[in-house]
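Working notes for the structure below.
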There are 2 protein chains.
Amino acid sequence: MSKKISVTDTILRDAHQSLLATRMRLEDMLPICPKLDAVGFWSLEVWGGATFDACVRFLKEDPWQRLHQLKAALPNTRLQMLLRGQNLLGYRHYSDDVVRAFVERSAAGGIEVFRIFDAMNDVRNLKTSIEAVKASGQHAQGTICYTTSPLHSIETFVEQAKQMADMGIDSIAIKDMAGLLTPYPTGELVAALKAALPLDVVIHSHDTAGIASLCQLKAIENGADRIDTAISSMAWGTSHPGTESMVAALAGSPFDTGLNLQLLQEIGLYFYAVRKKYHQFESEFTGVDTRVQVNQVPGGMISNLANQLKEQGALNRMDEVLAEIPKVRADLGYPPLVTPTSQIVGSQAFFNVLAGERYKTITNEVKLYLQGRYGKALGEVNPELRRKAIGNEEVIDVRPADLLPPELDRLRGEIGALAKSEEDVLTYAMFPDIGRKFLEERQAGTLTAETLLPIPDGNQAASTTA
Amino acid sequence: MSKKISVTDTILRDAHQSLLATRMRLEDMLPICPKLDAVGFWSLEVWGGATFDACVRFLKEDPWQRLHQLKAALPNTRLQMLLRGQNLLGYRHYSDDVVRAFVERSAAGGIEVFRIFDAMNDVRNLKTSIEAVKASGQHAQGTICYTTSPLHSIETFVEQAKQMADMGIDSIAIKDMAGLLTPYPTGELVAALKAALPLDVVIHSHDTAGIASLCQLKAIENGADRIDTAISSMAWGTSHPGTESMVAALAGSPFDTGLNLQLLQEIGLYFYAVRKKYHQFESEFTGVDTRVQVNQVPGGMISNLANQLKEQGALNRMDEVLAEIPKVRADLGYPPLVTPTSQIVGSQAFFNVLAGERYKTITNEVKLYLQGRYGKALGEVNPELRRKAIGNEEVIDVRPADLLPPELDRLRGEIGALAKSEEDVLTYAMFPDIGRKFLEERQAGTLTAETLLPIPDGNQAASTTA
Ligand SMILES: [Co+2]
Ligand SMILES: [Co+2]
């Protein structure tokens, strides 16, 4: 059997989101776009995730302008984005009319592939976005957020994939955001998905535990069609397997990608230099760390908790919090741990330990969760906890957005003349405070990106052997 | 099929040789030995390679004392060393009596597993060491230095392994020092070796191109018995796949190592802190770099050449030198590129480019090589080059050491009373200048290790989440 494996490179989105706090600027992307566009990637992930937030909050770049300029600079490659289903690129559930408008403007701006996920794996939260992507004529990729629990199994993931297929998705992504997957279970999951559905399967595996490339290899051998990689100078650790490495590993094999290694190496040297510009955003929590395989807590979550505990002078209680997290997660019906559920579970575990009594303090987010406002996880929530947290308050079991009236007109009215386009209204919709601030500063001509610290001596850009 | 894969950890030898210029000191090894000894590694590589040189030259540690103290601290784990065949741990061919004495003292000091290689893959250069290891009752591991050329093939490597088997080796190591192997050819090579010989096969693959863990996985699936890894805080890049990652990747699979991941993580945190002490030896040439897959020049060789070229103000001629290296290698009959052949080929390529005429200058080492003084590579040397270089001088075709008279007595006489033991004589034998200096300073009580620079602020040891 011989089969060409296609590649999605994440260098312009997930790679710098994972390693450099999403800080790469458009000015560092555009010069290399001609080479990126010549590689022959199946797609380039360039937008969505935290990039929209980082643009508006820190870089003072219009995220829509970024999209339009990337589209112009990459005429031959599919542009791909990561979309949080009904949460779009914000942190709450939006009404369906906002979701439709957002997808429509994204597609009009150049996005051809929408990878859509829900933090609960509640497919109802994907429904409107999938419909909107299909209405725009683009590619809707349904996402399985990989997690483990006594309830999750290959069967439950295949069932989720079938439900997404019924909604009309064009392909399936296995998103292993924490680096929990190991090679042989990955192969089994991919084989089961390929046996169940006539759709391409893509493997998106973060290398947090140093295992992602192995998972990709077994995925490929079991029928996966595409892998997500990152140009090597921003690869590995909490990012993805290096593009050059995976291309070299498969070259000459039945799974050859056909991509030009020398061209990729030139791109790698370019980003090697770019990365140094952002040294202030490097973190010691982005290297390979297999602890996620023992405690199942993703690296990013551990660093957040460490900061919270340090503020309370309670860093010595980290082990207790790490032990509490799986218990809270069980009480909530085993949601995957990914934004926003990772924060919800982590904060509650933190309070459970520091208060000296479980659920003495219950966060607002956990209360909303117990009301069904994020949708439904695979398991049932602990009924006692629910009673204690919300008493007789209403619990919804419909899709959360079913209860949300249309809100686009209201948003348009609120932001008024500051918005010069529908895109501006959507920017405001995503981030009412910082979005408004961005539009005000733009009007006043005072947009200023945060300052980049100078590159320290002895850490000069580019290799001496380039 | 289910098969327990055993593990050799390289943290005390190859890991810090690859990443920290071989500078880790015994004082940073001993505190963690109880935990290392409890893991259940098949062996720990702790000695040989460049450690002996670094001890005597920079650390002013008696390498034999290091061995004896490690043996005492690791009573339950096999100690392993890397031996350069007839070169032992020095840079020339030694007479057989020196080889026998060195192996005998190493075995008496605690080495149970001797990995023996020759830079030419000339098995005649392994003969005396293999005999000596067997005479000492220890484990002799024969090594294939992996390389590629129009002449090298699975058949030639299997033939080499058979010749080593005839000499009595107990197992076979595939040593991919440059990171040239890719997963599927690795699997084929391992399968062929296992089919040809009833010996354990170990895979030693440097992660220079970011592919080593993939090679190990395919090696395992094709019958390899053991892998070389490095505790994750000194793993990856020019070092080896991370121990914790490989253990986690195989856990629960038919190839489970059975090692305790939590214990390994504790060891990982220890070395995470240790690494910071040696920050002055970190280099930008130790990260993943797939260029070796295109030009076949190992990373360490590129950095050496870059330094040589920089001194001549000719860094811009690097590409020409990289293109010249394969030609010189062909003229020399395609030796593997590993110490000392990498330096021999690299320097000659450097002169060929800078002199503006190929072989206008011919190095002394190339002359010796053409006389047969390093043994024989797989291919024939270019006869015209040989005539030009050495005219009518004698060419030997016997094993080089056959022409060396016994020299141990002479060495013993030369170093005289400075040597307090047979081990001291061997230290002097390895390094006549720095070995003598070491013994003199020891006698004078003036041994002083090179200075370690203080750890910079903001780069403090240990993770906050330990
Ligand atoms: Co991701
Ligand atoms: Co090595």
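Letters A, B, ... go to the chains of the structure tokens in the order shown; residues in each chain start at 1; ligands are counted from 1 in the same order.
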
**Asked** Within 8 Å of chain B, which residues of chain A show up when using only C-alpha atoms, listed as a PyMOL selection string?
**Response** chain A and resi 182-184+209-211+213-214+217+232+242+244-246+248-250+253+261-262+265+288-291+293-294+302-303+306+315+318+464-465

**Request:** Dump the neighbourhood of ligand 2 as a PyMOL selection string: all residues within 7 Å, distances computed on only C-alpha atoms and all ligand atoms.
**Result:** chain B and resi 14+175+177+204+206

**Request:** Could you give me the residues within 9 Å of ligand 1, counting only C-alpha atoms and all ligand atoms, as a ChimeraX atom specification?
**Result:** /A:10,13-15,17-18,49,82,175-178,204-206,228,238-240

**Message:** What's around Gln280 of chain B at 9 Å? Count only C-alpha atoms, leave out sequence neighbours fewer than 3 positions away in its own chain, and write the answer as an MDAnalysis selection string.
**Reply:** chainID B and resid 20 276:277 283 452:453 455

**Message:** So that I can check the secondary structure, give me every residue of segment 187-313 of chain A assigned strand (DSSP E or B) by backbone DSSP, as a PyMOL selection string.
**Reply:** chain A and resi 200-205+226-230+242

**Asked** Which neighbours of Val381 of chain A fall inside 12 Å, counting only C-alpha atoms, when residues of the same chain fewer than 3 positions from it are skipped, and could you give them as a list of chain:residue names?
**Response** A:Lys327, A:Val328, A:Arg329, A:Ala330, A:Asp331, A:Leu332, A:Gly333, A:Tyr334, A:Pro335, A:Val366, A:Lys367, A:Tyr369, A:Leu370, A:Gln371, A:Gly372, A:Gly375, A:Lys376, A:Ala377, A:Leu378, A:Glu384, A:Leu385, A:Arg386, A:Arg387, A:Ala389, A:Val395

**Item:** Filtered DSSP result for segment 184-410 of chain A, state alpha helix (DSSP H), as a PyMOL selection string
**Value:** chain A and resi 184-196+212-221+243-250+261-277+291-295+299-311+318-331+341-354+364-370+383-390+408-410

**Contacts of Val98 of chain A at 10 Å (only C-alpha atoms; same-chain gap of 3+ positions) as a list in words** = Gln86, Leu88, His93, Tyr94, Ser95, Ala101, Phe102, Val103, Glu104, Pro406, Glu407, Leu408, Asp409, Leu411, Val425, Leu426, Ala429 and Met430 of chain A

Write a file of the selected residues as a PDB file, in the first residue's frame, keeping C-alpha atoms.
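Written out: part_19.pdb:
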```pdb
ATOM      1  CA  GLN A  86     -20.492  28.163  19.447  1.00  0.00           C
ATOM      2  CA  LEU A  88     -16.270  31.239  18.058  1.00  0.00           C
ATOM      3  CA  HIS A  93     -21.653  30.976  23.816  1.00  0.00           C
ATOM      4  CA  TYR A  94     -22.858  33.285  21.049  1.00  0.00           C
ATOM      5  CA  SER A  95     -26.252  33.363  19.464  1.00  0.00           C
ATOM      6  CA  ALA A 101     -22.053  36.111  10.457  1.00  0.00           C
ATOM      7  CA  PHE A 102     -18.627  35.256  11.846  1.00  0.00           C
ATOM      8  CA  VAL A 103     -18.225  32.181   9.679  1.00  0.00           C
ATOM      9  CA  GLU A 104     -19.492  34.008   6.616  1.00  0.00           C
ATOM     10  CA  PRO A 406     -30.339  36.906  18.170  1.00  0.00           C
ATOM     11  CA  GLU A 407     -27.851  39.537  19.300  1.00  0.00           C
ATOM     12  CA  LEU A 408     -26.055  40.830  16.229  1.00  0.00           C
ATOM     13  CA  ASP A 409     -28.277  43.893  15.867  1.00  0.00           C
ATOM     14  CA  LEU A 411     -24.051  44.421  19.192  1.00  0.00           C
ATOM     15  CA  VAL A 425     -18.823  44.498  14.782  1.00  0.00           C
ATOM     16  CA  LEU A 426     -17.644  40.923  15.132  1.00  0.00           C
ATOM     17  CA  ALA A 429     -18.706  40.872  19.724  1.00  0.00           C
ATOM     18  CA  MET A 430     -15.724  38.675  20.567  1.00  0.00           C
TER      19      MET A 430
END
```

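Atom pair atom CA of Thr51 of chain A / atom CA of Thr448 of chain A has a distance of 17.0 Å (rounded to one decimal).
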
**Message:** Report as a PyMOL selection string all protein, DNA and RNA residues lying within 8 Å of segment 137-152 of chain B, evaluated on only C-alpha atoms, omitting residues in the same chain fewer than 3 positions from it.
**Reply:** chain B and resi 107+111-119+121+130+133-134+155-157+160-161+164-165+168-177+180-181+334+336-337+378-379

**Item:** Best match for closeness to His68 of chain B among B:Ser129, B:Asn87, B:Ser106, B:Ser43, counting only C-alpha atoms
**Value:** B:Ser106

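You will find atom CA of Ile11 of chain B at 7.9 Å from atom CA of Leu44 of chain B.
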